[in-house]
Each structure stands twice: as structure tokens, then as C-alpha cells.
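Peer 1: My structure is below; once you've seen it, I'll send some questions.
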Amino acid sequence: MKRLAIMLGMLAVAALAGAQAPSQQTQPAGAQGGAQQGSATAAPQGKRPPQAKTQPEFDGYNAAMASQKDPAAMEKAADDFATKFPDSELRVLLYKAAMRGYQNANNGDKMAEMAQKLLKLDPDDPEALIAAAEVMAERTRATDLDKAQRFDQASKYAQHALETVDTDVPAPANVPQAQLDAYKGLLRSTAYSVLGTIQYDQDKFPEAEGYFRKSIDAYPSQPDPVVVLRLALALDKQAKYSDALAQANKAVELTQDGTPAGTTARHERDRLMQLTGSVIPSSGSPTPASKPPATSTPNATQPPH
């Protein structure tokens, strides 16, 4: 649930990629995401948006979406709709709305539950895959008896999301390509972040470094402060102190003092400045830490859900 505000803003793409009424299904095959082959019209990249088969189904979908401000009500509306229209393509949009609602409410357990409902309907949906992977990775602890299995499943979800970002994000004609590309970049960035966290938690710091760098590169316009901080910690663990300090400084710039990530970023920066003999900023002296932040798991740097 990192970069929550950014993710919710980017979801305007998916909102535009909403359900289509039955009357819209008569357009040429090429305009429906390449569902049919051999059309002279080039198909847009990505699959077509879900479509209603009948007007009552479309009306039921719109009625259910009226509950989206309340995630619990949205979940119930999605369940009721799925019972009434068990074969509807629009079920995925309703469960996705519930998943996003729980994400906005910082309810990771219910967010993951909605992601699983989505994956039963569409096992290739990148957003659901990433949501399931992220919650599983962030909530796995070193003392969990099934830690290896949980990390393995989260990795599979994240890797599959990277495989389906270009093929399974709906691409309506009215969505600007730049907006769609940015949304896909954010999805990739989050998937790489999950993979980096899993590697870090298994003490595989070079691998974690690589994934964190890929996460930042995938969405460079607004880097996730927690990913930048985790990159600094991964570099620190490899005794790459100068590089780690550069990333810690970036993490400090991207965070506010007093927040969990901001406090850890400043501890890490000050510790690395002492190790490298760098000049202490005039704005303040280093904050000593009896236990170096780099020994913490990435979960310790993650803002509360």
C-alpha cells in the first residue's frame, strides 16, 4: 500500500476504462482490444474493457458502483451483483472498486481478500496480482513458519504482474497514451519494490539492490521514499557506504521528519555520514542510534498501513 495517494490518483486511468454498455459492443473488432483477429483496424495495446451483455446487467453494475465510497458496502454490492450475474465481465470492476476502497482505508487484510476474489475471475490482472503480492510480502515476518512459502507466492504474483502489465491493462481509446504509460510504470515500480523487499528480508542484498533500482527507474518522476530508503539500507548492508549515503540523502529529501520513514532515513544518513567522515549538515547534528537502522528489516521503514 505504498504511494497510496499516487496510486489512487493514477487509478483515474482505470476509471476511464470502466464498463461498456451493451450498445457499445457493435464497434469494429480492432477497437475492442484485439479480441478478434484479421481486422483492418489496428487493435490498441492491452485488452478491451469489460462489457455488459444486457441492459439489466449494465444497470445493476451502475447501481452497485454507487456504493464505492464505502468499501464494505462496495464489497457487498459486488457479491450481490456476482450472485445475480454470475457470468458478467463487470464483476472484476466491482471487486476492483472494493479493493481500492480498502486500500484507501489502509485495510490490508481486506484489500488482499478482494485481490484474491479478483484473481479467481482474472488470474492475469496486474493490479490484483501486485496488491496480493505487496500485502503478503509486507506482512510476512522472520518468525513465520511458512515464511519461505509466503515469499515464494508473493514473488510469483509480482513476477506475473510484470508479465501482464502490457497485455492485461485495459486500453480504451479515450485514455491518453502518456497517462496509460504512467499507470503501467507505477504498477511495474510497485512490483519491483515487492521483489526487492522479499530479497532484502532474505538477506540477499545485491538482489534487493537491483530490484529497488528497477523500482525507482520504472517510475522516476515520483520515486517512492520508502524504496529509496530501502535501497540505501541494501547498499549499507554491502558496505557500499558512499552510495548508501547518496540514497539516504535522497530519502531524507523525500520524507518529513517525525514520520517512521523520515526518522529512519535521518538516522541512516547520520550514521553513514559518521562512517564516511562526511561533514555534518549545519541544520543539525547526527542522531546516534544504538542499533544501526541497516539491521532493521524493510518493514520497519514502511509507514503504517
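In the C-alpha cells, each chain is lettered A, B, ... as it comes, each chain's residues begin at 1, and ligands are numbered from 1 in order of appearance.
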Hey, what's within 7 Å of range 84-96 of chain A if we count only C-alpha atoms and toss same-chain stuff fewer than 2 positions away? As a PyMOL selection string, please?
Peer 2: chain A and resi 19+50-52+57+61+65+75+78+80-82+98-100+114+118+121
Peer 1: What would the file look like if the residues just selected were written as a PDB file, in the first residue's frame with N, CA and C atoms?
Peer 2:
ATOM      1  N   ALA A  19     -16.812   0.003 -17.399  1.00  0.00           N
ATOM      2  CA  ALA A  19     -17.659  -0.905 -18.162  1.00  0.00           C
ATOM      3  C   ALA A  19     -18.258  -0.216 -19.380  1.00  0.00           C
ATOM      4  N   PRO A  50     -14.083  -4.398 -19.839  1.00  0.00           N
ATOM      5  CA  PRO A  50     -15.223  -5.314 -19.659  1.00  0.00           C
ATOM      6  C   PRO A  50     -16.498  -4.723 -20.250  1.00  0.00           C
ATOM      7  N   GLN A  51     -17.367  -5.604 -20.720  1.00  0.00           N
ATOM      8  CA  GLN A  51     -18.595  -5.164 -21.371  1.00  0.00           C
ATOM      9  C   GLN A  51     -19.805  -5.874 -20.765  1.00  0.00           C
ATOM     10  N   ALA A  52     -20.905  -5.156 -20.722  1.00  0.00           N
ATOM     11  CA  ALA A  52     -22.169  -5.746 -20.296  1.00  0.00           C
ATOM     12  C   ALA A  52     -22.816  -6.451 -21.481  1.00  0.00           C
ATOM     13  N   GLU A  57     -27.997  -5.970 -16.803  1.00  0.00           N
ATOM     14  CA  GLU A  57     -26.669  -6.190 -16.205  1.00  0.00           C
ATOM     15  C   GLU A  57     -25.923  -4.862 -16.049  1.00  0.00           C
ATOM     16  N   TYR A  61     -24.800  -2.998 -12.592  1.00  0.00           N
ATOM     17  CA  TYR A  61     -23.424  -2.564 -12.345  1.00  0.00           C
ATOM     18  C   TYR A  61     -23.395  -1.114 -11.862  1.00  0.00           C
ATOM     19  N   MET A  65     -22.035   0.337  -8.261  1.00  0.00           N
ATOM     20  CA  MET A  65     -20.936   1.301  -8.173  1.00  0.00           C
ATOM     21  C   MET A  65     -21.300   2.520  -7.329  1.00  0.00           C
ATOM     22  N   GLU A  75     -18.116  -3.999  -1.304  1.00  0.00           N
ATOM     23  CA  GLU A  75     -17.886  -5.441  -1.339  1.00  0.00           C
ATOM     24  C   GLU A  75     -19.216  -6.196  -1.378  1.00  0.00           C
ATOM     25  N   ALA A  78     -20.797  -5.861  -4.720  1.00  0.00           N
ATOM     26  CA  ALA A  78     -20.115  -6.716  -5.699  1.00  0.00           C
ATOM     27  C   ALA A  78     -20.543  -8.170  -5.546  1.00  0.00           C
ATOM     28  N   ASP A  80     -23.384  -9.265  -4.262  1.00  0.00           N
ATOM     29  CA  ASP A  80     -24.778  -9.385  -4.707  1.00  0.00           C
ATOM     30  C   ASP A  80     -24.868  -9.389  -6.222  1.00  0.00           C
ATOM     31  N   PHE A  81     -24.078  -8.513  -6.861  1.00  0.00           N
ATOM     32  CA  PHE A  81     -24.075  -8.461  -8.323  1.00  0.00           C
ATOM     33  C   PHE A  81     -23.567  -9.776  -8.899  1.00  0.00           C
ATOM     34  N   ALA A  82     -22.491 -10.320  -8.308  1.00  0.00           N
ATOM     35  CA  ALA A  82     -21.917 -11.573  -8.806  1.00  0.00           C
ATOM     36  C   ALA A  82     -22.894 -12.733  -8.665  1.00  0.00           C
ATOM     37  N   ALA A  98     -13.916  -2.318  -4.785  1.00  0.00           N
ATOM     38  CA  ALA A  98     -13.854  -2.665  -3.360  1.00  0.00           C
ATOM     39  C   ALA A  98     -12.412  -2.754  -2.886  1.00  0.00           C
ATOM     40  N   MET A  99     -11.539  -3.347  -3.702  1.00  0.00           N
ATOM     41  CA  MET A  99     -10.130  -3.475  -3.351  1.00  0.00           C
ATOM     42  C   MET A  99      -9.490  -2.101  -3.172  1.00  0.00           C
ATOM     43  N   ARG A 100      -9.797  -1.182  -4.082  1.00  0.00           N
ATOM     44  CA  ARG A 100      -9.228   0.162  -3.979  1.00  0.00           C
ATOM     45  C   ARG A 100      -9.787   0.909  -2.771  1.00  0.00           C
ATOM     46  N   MET A 114      -9.960  -8.939  -1.373  1.00  0.00           N
ATOM     47  CA  MET A 114     -10.573  -8.534  -2.643  1.00  0.00           C
ATOM     48  C   MET A 114      -9.661  -8.893  -3.817  1.00  0.00           C
ATOM     49  N   LEU A 118     -10.617 -11.132  -7.083  1.00  0.00           N
ATOM     50  CA  LEU A 118     -10.336 -10.693  -8.446  1.00  0.00           C
ATOM     51  C   LEU A 118      -9.552 -11.741  -9.221  1.00  0.00           C
ATOM     52  N   LEU A 121     -11.360 -14.508 -10.769  1.00  0.00           N
ATOM     53  CA  LEU A 121     -12.059 -14.131 -12.003  1.00  0.00           C
ATOM     54  C   LEU A 121     -11.091 -13.853 -13.142  1.00  0.00           C
TER      55      LEU A 121
END
Peer 1: Near range 196-209 of chain A, counting only C-alpha atoms, which residues have an atom at most 8 Å away, once you skip same-chain residues fewer than 2 positions from it, shown as a PyMOL selection string?
Peer 2: chain A and resi 137-138+142+151+155+192-194+211-213+231+234-235+237-238+297-298
Peer 1: Identify, on the basis of only C-alpha atoms, every residue whose closest approach to Gly101 in chain A does not exceed 9 Å; exclude the query and any residue fewer than 6 positions from it along the same chain; express the result as number ranges by chain.
Peer 2: A: 68-72, 74, 107, 111
Peer 1: Could you give me the residues within range 25-221 of chain A that DSSP places in alpha helix (DSSP H), as JSON, numbers by chain?
Peer 2: {"A": [55, 56, 57, 58, 59, 60, 61, 62, 63, 64, 65, 71, 72, 73, 74, 75, 76, 77, 78, 79, 80, 81, 82, 83, 84, 91, 92, 93, 94, 95, 96, 97, 98, 99, 100, 101, 102, 103, 104, 108, 109, 110, 111, 112, 113, 114, 115, 116, 117, 118, 119, 120, 121, 126, 127, 128, 129, 130, 131, 132, 133, 134, 135, 136, 137, 138, 147, 148, 149, 150, 151, 152, 153, 154, 155, 156, 157, 158, 159, 160, 161, 162, 163, 164, 165, 166, 167, 168, 177, 178, 179, 180, 181, 182, 183, 184, 185, 186, 187, 188, 189, 190, 191, 192, 193, 194, 195, 196, 197, 198, 199, 200, 201, 205, 206, 207, 208, 209, 210, 211, 212, 213, 214, 215, 216, 217, 218]}
Peer 1: Between CA of Lys47 in chain A and CA of Pro170 in chain A, what distance in Å does the model show, to one decimal?
Peer 2: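 Here the two named atoms are 4.9 Å from each other.
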